[in-house]
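Peer 1: Got a structure for you, questions after.
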Amino acid sequence: MVKTIVLANQKGGVGKTAIAVQLAYFFSQIMNKRVLVIDLDHQHNTSRAIIMGKGAETSTIPSSQLLSSSVTKVEKKPFVLIAADNKELLRMEKQPDKHNTFVNNLNGFIKAVTKQFDICIIDTNPNPDIRQLSALIVSDFVLCPLQLNQEAIDGIGMLLNHENIGIKKIQATLNPKLHFIGVLPNMVEPTPFQRENFKDLTTHFSKLLIPLSTGFAAIKKTTAIAEAQAVGLPVWKMGKTSARDAWTHMKPVFEKIASVMEIK
Ligand SMILES: Nc1ncnc2c1ncn2[C@@H]1O[C@H](COP(=O)(O)OP(=O)(O)OP(=O)(O)O)[C@@H](O)[C@H]1O
Ligand SMILES: [Mg+2]
């Protein structure tokens, strides 16, 4: 049975895509799992990185079709990318009469390929629209990268309680099986300002953070991650000391995510 995880946060530029891509590589190359990646973001960043990395088979099916039609088959490869298409994805929000069908189609697709993959990773766009909603409705797990600024911390309430796509709302109504893995501070810098914000976060929202034996899970800001994303490679294959250091601190976070998802 495939386990589906969605990266979600209405805030842009928090690292949803970077974490989605690196997690896909981690599950595929380190944990040797069968991985399906669905890019629902018309910005196409996940697709671009994974296509550049050359490790996955890019499906002939564009991601909008998973919502707009009843797709029941996908390429039989151990690592498959369903890439984002621009225009069709952008049109979806403007067809409210079809929104129910979109959710049902995506759900049907994941059910149809459930035996073919171990993990499905969905990257979403930073808009509270039908694509993000569909992804949250069909997923088993949600992970929310977050930047440590006051605005983002203030936005946590919205992340949970937004009237359309708030995680608590969705758990209570449309998808009771949705497991909230937690918020994952990303691009963390050792500045007094960020330290203060992290303290604030641990004081007020500790239940939303992901506990590790060494403290709460967080990913540091490092050029190694941005560089790995720019060339579409796993961080641990970048062959620089800075990349090795980056991977050393990312690995326990990814292992924890795998463990919460009960992926062995
Ligand atoms: N820990 C990190 N250290 C340094 N750079 C990072 C880190 N995480 C992400 N980045 C870089 O920050 C930029 C924004 O990240 P990313 O595209 O993953 O955010 P996003 O949440 O997917 O944005 P959007 O909401 O627009 O889809 C990218 O250039 C990415 O490579
Ligand atoms: Mg993104």
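Following the order of the structure tokens, first chain is A, next is B, and so on, with residues numbered from 1 inside each chain and ligands from 1 in the order they appear.
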List all protein, DNA and RNA residues that have any atom at most 10 Å from ligand 2, counting only C-alpha atoms and all ligand atoms, and write the list as a list in words.
Peer 2: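 The neighbouring residues of ligand 2 are, in order, Leu7, Ala8, Asn9, Lys11, Gly12, Gly13, Val14, Gly15, Lys16, Thr17, Ala18, Ile19, Ala20, Val21, Asp39, Leu40, Asp41, His42, Gln43, His44, Asn45, Thr46, Asp123, Thr124, Asn125 and Pro126 of chain A.
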Peer 1: Limited to N, CA and C atoms, could you put the picked residues into a file as a PDB file, in the first residue's frame?
Peer 2:
```
ATOM      1  N   LEU A   7       3.621  18.018   1.000  1.00  0.00           N
ATOM      2  CA  LEU A   7       4.331  19.154   1.574  1.00  0.00           C
ATOM      3  C   LEU A   7       3.421  20.350   1.402  1.00  0.00           C
ATOM      4  N   ALA A   8       3.059  20.994   2.484  1.00  0.00           N
ATOM      5  CA  ALA A   8       2.089  22.072   2.358  1.00  0.00           C
ATOM      6  C   ALA A   8       2.407  23.231   3.278  1.00  0.00           C
ATOM      7  N   ASN A   9       2.230  24.406   2.752  1.00  0.00           N
ATOM      8  CA  ASN A   9       2.255  25.660   3.521  1.00  0.00           C
ATOM      9  C   ASN A   9       1.860  26.747   2.537  1.00  0.00           C
ATOM     10  N   LYS A  11       2.518  29.677   2.683  1.00  0.00           N
ATOM     11  CA  LYS A  11       3.615  30.626   2.513  1.00  0.00           C
ATOM     12  C   LYS A  11       4.527  30.136   1.391  1.00  0.00           C
ATOM     13  N   GLY A  12       4.943  31.056   0.537  1.00  0.00           N
ATOM     14  CA  GLY A  12       5.845  30.682  -0.556  1.00  0.00           C
ATOM     15  C   GLY A  12       7.294  30.691  -0.087  1.00  0.00           C
ATOM     16  N   GLY A  13       8.118  29.930  -0.790  1.00  0.00           N
ATOM     17  CA  GLY A  13       9.559  29.990  -0.574  1.00  0.00           C
ATOM     18  C   GLY A  13      10.061  29.489   0.770  1.00  0.00           C
ATOM     19  N   VAL A  14       9.326  28.572   1.392  1.00  0.00           N
ATOM     20  CA  VAL A  14       9.740  28.068   2.706  1.00  0.00           C
ATOM     21  C   VAL A  14      10.540  26.757   2.618  1.00  0.00           C
ATOM     22  N   GLY A  15      10.611  26.203   1.414  1.00  0.00           N
ATOM     23  CA  GLY A  15      11.386  24.973   1.233  1.00  0.00           C
ATOM     24  C   GLY A  15      10.554  23.725   0.977  1.00  0.00           C
ATOM     25  N   LYS A  16       9.283  23.892   0.638  1.00  0.00           N
ATOM     26  CA  LYS A  16       8.441  22.713   0.326  1.00  0.00           C
ATOM     27  C   LYS A  16       9.080  21.885  -0.781  1.00  0.00           C
ATOM     28  N   THR A  17       9.468  22.583  -1.855  1.00  0.00           N
ATOM     29  CA  THR A  17      10.008  21.871  -3.009  1.00  0.00           C
ATOM     30  C   THR A  17      11.361  21.236  -2.697  1.00  0.00           C
ATOM     31  N   ALA A  18      12.241  21.994  -2.043  1.00  0.00           N
ATOM     32  CA  ALA A  18      13.567  21.449  -1.731  1.00  0.00           C
ATOM     33  C   ALA A  18      13.423  20.187  -0.882  1.00  0.00           C
ATOM     34  N   ILE A  19      12.529  20.240   0.098  1.00  0.00           N
ATOM     35  CA  ILE A  19      12.367  19.079   0.979  1.00  0.00           C
ATOM     36  C   ILE A  19      11.668  17.937   0.231  1.00  0.00           C
ATOM     37  N   ALA A  20      10.698  18.262  -0.622  1.00  0.00           N
ATOM     38  CA  ALA A  20      10.023  17.217  -1.404  1.00  0.00           C
ATOM     39  C   ALA A  20      11.029  16.467  -2.285  1.00  0.00           C
ATOM     40  N   VAL A  21      11.879  17.218  -2.957  1.00  0.00           N
ATOM     41  CA  VAL A  21      12.839  16.602  -3.890  1.00  0.00           C
ATOM     42  C   VAL A  21      13.874  15.777  -3.117  1.00  0.00           C
ATOM     43  N   ASP A  39       3.915  16.560  -8.926  1.00  0.00           N
ATOM     44  CA  ASP A  39       4.154  18.005  -8.800  1.00  0.00           C
ATOM     45  C   ASP A  39       2.891  18.754  -9.215  1.00  0.00           C
ATOM     46  N   LEU A  40       2.188  19.292  -8.231  1.00  0.00           N
ATOM     47  CA  LEU A  40       0.944  20.021  -8.536  1.00  0.00           C
ATOM     48  C   LEU A  40       1.175  21.527  -8.651  1.00  0.00           C
ATOM     49  N   ASP A  41       2.440  21.941  -8.582  1.00  0.00           N
ATOM     50  CA  ASP A  41       2.733  23.373  -8.636  1.00  0.00           C
ATOM     51  C   ASP A  41       3.106  23.779 -10.061  1.00  0.00           C
ATOM     52  N   HIS A  42       2.319  24.719 -10.619  1.00  0.00           N
ATOM     53  CA  HIS A  42       2.588  25.179 -11.992  1.00  0.00           C
ATOM     54  C   HIS A  42       3.978  25.808 -12.116  1.00  0.00           C
ATOM     55  N   GLN A  43       4.620  26.200 -10.994  1.00  0.00           N
ATOM     56  CA  GLN A  43       5.989  26.757 -11.074  1.00  0.00           C
ATOM     57  C   GLN A  43       6.998  25.697 -11.523  1.00  0.00           C
ATOM     58  N   HIS A  44       6.615  24.397 -11.398  1.00  0.00           N
ATOM     59  CA  HIS A  44       7.380  23.314 -12.032  1.00  0.00           C
ATOM     60  C   HIS A  44       8.753  23.076 -11.398  1.00  0.00           C
ATOM     61  N   ASN A  45       8.977  23.588 -10.179  1.00  0.00           N
ATOM     62  CA  ASN A  45      10.332  23.495  -9.602  1.00  0.00           C
ATOM     63  C   ASN A  45      10.731  22.073  -9.227  1.00  0.00           C
ATOM     64  N   THR A  46       9.797  21.319  -8.659  1.00  0.00           N
ATOM     65  CA  THR A  46      10.099  19.918  -8.338  1.00  0.00           C
ATOM     66  C   THR A  46      10.387  19.147  -9.620  1.00  0.00           C
ATOM     67  N   ASP A 123       4.055  17.588  -4.084  1.00  0.00           N
ATOM     68  CA  ASP A 123       4.459  18.971  -3.808  1.00  0.00           C
ATOM     69  C   ASP A 123       3.340  19.884  -4.279  1.00  0.00           C
ATOM     70  N   THR A 124       3.069  20.904  -3.471  1.00  0.00           N
ATOM     71  CA  THR A 124       1.942  21.778  -3.795  1.00  0.00           C
ATOM     72  C   THR A 124       2.401  23.215  -4.027  1.00  0.00           C
ATOM     73  N   ASN A 125       1.500  23.943  -4.626  1.00  0.00           N
ATOM     74  CA  ASN A 125       1.691  25.371  -4.876  1.00  0.00           C
ATOM     75  C   ASN A 125       1.323  26.150  -3.609  1.00  0.00           C
ATOM     76  N   PRO A 126       1.887  27.352  -3.466  1.00  0.00           N
ATOM     77  CA  PRO A 126       1.567  28.104  -2.251  1.00  0.00           C
ATOM     78  C   PRO A 126       0.279  28.927  -2.361  1.00  0.00           C
TER      79      PRO A 126
END
```
Peer 1: If we count only C-alpha atoms and set the cut-off at 12 Å, which residues sit around Val74 (chain A), ignoring sequence neighbours fewer than 2 positions away in its own chain? Please answer as a ChimeraX atom specification.
Peer 2: /A:36-38,57-63,65-66,70-72,76-82,109-110,112-117
Peer 1: Give the helix (DSSP H, G or I) residues of region 87-239 of chain A, as assigned by DSSP on the backbone, as a PyMOL selection string.
Peer 2: chain A and resi 87-94+96-112+130-138+150-154+156-161+167-172+192-208+223-231+235-237
Peer 1: Rank A:Gln229, A:Asn197, A:Thr4, A:Thr241 by their smallest atom-to-atom distance to ligand 1, using only C-alpha atoms and all ligand atoms, and report the top residue only.
Peer 2: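 Going through A:Gln229, A:Asn197, A:Thr4, A:Thr241 one by one, the smallest distance to ligand 1 is for A:Gln229.
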Peer 1: Which distance in Å separates CA of Leu148 (chain A) and atom 2 (C, counted along the ligand's line) of ligand 1, to one decimal?
Peer 2: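 One can read the CA of Leu148 (chain A) to atom 2 (C, counted along the ligand's line) of ligand 1 distance as 12.0 Å.
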Peer 1: Which residue is closest to Phe254 (chain A)? Choose from A:Gln22, A:Gln10, A:Gln29, A:Thr222 and count only C-alpha atoms.
Peer 2: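 Under the stated criterion, the closest residue is A:Gln22.
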